[in-house]
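**Student:** Okay, handing you the structure first.
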Amino acid sequence: MNECSCLLGSSALVRHRKSLRRVEGRKMLQMPRELPSRAFGQTGLAIERERHGRDSGELRRLLNSLECKQDEYAKSMILHSITRCVYLLEAEASACTTDDIALVGSMLDDKDNSVKIQALNTLKAFSGIRKFRRKVQEHSIKVLELIASIWDSELHIAGLRLLNNLPLPDYVHPQLRRVMPALMEILQSDYILAQVQAIRLLSYLAQKNDLLYDILNCQVHANFLNLFQSTQPGSLLFEVLVFAERLSEGRNSPHYRAVKWHYNEQSLHEALFGDESRLADRLLALVIHPEEEVQIQACKVIVSLQCSQDVGVRPSVCQPSRSYFNSGE
């Protein structure tokens, strides 16, 4: 079993996620069906000019037009064009200013969800430029508020992709605690792309000592372990297993074991690691999954669970509580 745990190293995890990011990047650059192609006729010419060392001015024109009063449809179209230019016109994108980032960020307050989504996509594009990362970071709390307050799968995907592309500073952690139930709801939804983005963010947060308990004590549905069924898409299964491994490693750490934690009966901790959990059965079924990455990651979780028994993790103390999901909140 220890051999299984060593087969998938960090390099394989990086390759897996890089390939997914490449696919996402191509999708991001595809033009939405509702936006007419003539709106982007200048982009190809702008790319040719940049190849010859000339500034086309296309990105600056788009940003200037965004400052003018526009209807929601026009703003969405302009933002999408800006996103394309940021990805394709590297020199022009690098010449932008923090005021341009602030202008795009202000679109997150627009009343139309399609404008918000396009603004999130544009911010993600700018976050790939190092000098703008901190400025984009300033919008993290607003992005979390949108994700928690608006139930829209496309908005969730755009917002979570942006957050997953940023290092989240410590001052965002209080807001993260407040939106944890919403993140867990997205994870348990039926929209694969949103689920994958939510689980990636949760996996990242599970490595933060001050957030681990908040994640483990977050309430989940009774059928949470359905996420570990072999019928789930391999991409989702792999990310769910990475999440489970990081949670297991976190609760095994001396820092976490030093405290006797109390968990709700319907908590994620009880679903995964409680006395009544059927996680081990799900993991054993995944050891023979058709996809090798899923097999190996399942083995790694099994090894991590065995380690927790070896180090003698303290049994949890459950407290009955009102269910977040049954309350209709």
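The chains in the structure tokens are called A, B, ... from first to last as shown; in each chain the residues are counted from 1, and the ligands are counted from 1 in the order shown.
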Name the residues in contact with stretch 203-218 of chain A at a cut-off of 10 Å, using only C-alpha atoms, excluding same-chain residues fewer than 2 positions from it; report them as number ranges by chain.
**Tutor:** A: 164, 167-168, 170, 173-174, 176-178, 180-181, 183-184, 197-201, 220, 239-251, 253, 255-256, 261-273, 318, 324
**Student:** Go through A:Leu144, A:Ala125, A:Ile150, A:Val136 and flag the residue nearest A:Lys111, using only C-alpha atoms for the distances.
**Tutor:**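 Among the listed residues, the smallest separation from A:Lys111 belongs to A:Ile150.
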**Student:** Excluding A:Asp281 and its own-chain neighbours fewer than 5 positions away, which residues fall within 12 Å of it when counting only C-alpha atoms? Please give them as JSON, numbers by chain.
**Tutor:** {"A": [225, 226, 228, 229, 230, 272, 276, 286, 287, 298, 302]}
**Student:** Given the choices A:Ile296, A:Leu66, A:Met107, A:Ala91, which gets closest to A:Ala119 if the distance is worked out from only C-alpha atoms?
**Tutor:**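 Looking only at the distances to A:Ala119, the closest residue turns out to be A:Met107.
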**Student:** Mind listing the helix (DSSP H, G or I) residues of stretch 177-274 of chain A, per DSSP on the backbone, as a PyMOL selection string?
**Tutor:** chain A and resi 177-187+192-205+209-216+224-228+234-252+254-257+268-273
**Student:** At what distance in Å, to one decimal, does atom CA of A:Phe238 lie from atom CA of A:Phe126?
**Tutor:**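 Separating atom CA of A:Phe126 from atom CA of A:Phe238 is a distance of 28.5 Å.
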**Student:** From a backbone DSSP assignment, name each residue in stretch 198-279 of chain A labelled strand (DSSP E or B), as a count of residues only.
**Tutor:** 5
**Student:** What does the structure give for the distance between atom CA of A:Asp100 and atom CA of A:Leu166, in Å to one decimal?
**Tutor:**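 Atom CA of A:Asp100 sits 18.4 Å away from atom CA of A:Leu166.
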**Student:** Between A:Ser76, A:Gln188, A:Ser106, A:Ser81, which residue has the minimum interatomic distance to A:Arg61, considering only C-alpha atoms?
**Tutor:**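 Result for the nearest residue to A:Arg61: A:Ser81.
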**Student:** Using only C-alpha atoms, which protein or nucleic acid residues come within 9 Å of A:Ile141? Drop anything in the same chain fewer than 5 positions from it, and give the result as a PDB file with C-alpha atoms, in the first residue's frame.
**Tutor:**
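out.pdb, written as the output of this step:
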ATOM      1  CA  LEU A 146     -20.947  37.183  -5.192  1.00  0.00           C
ATOM      2  CA  VAL A 172      -9.721  37.174   3.464  1.00  0.00           C
ATOM      3  CA  GLN A 175     -14.944  36.037   4.742  1.00  0.00           C
ATOM      4  CA  LEU A 176     -13.941  32.532   3.700  1.00  0.00           C
TER       5      LEU A 176
END
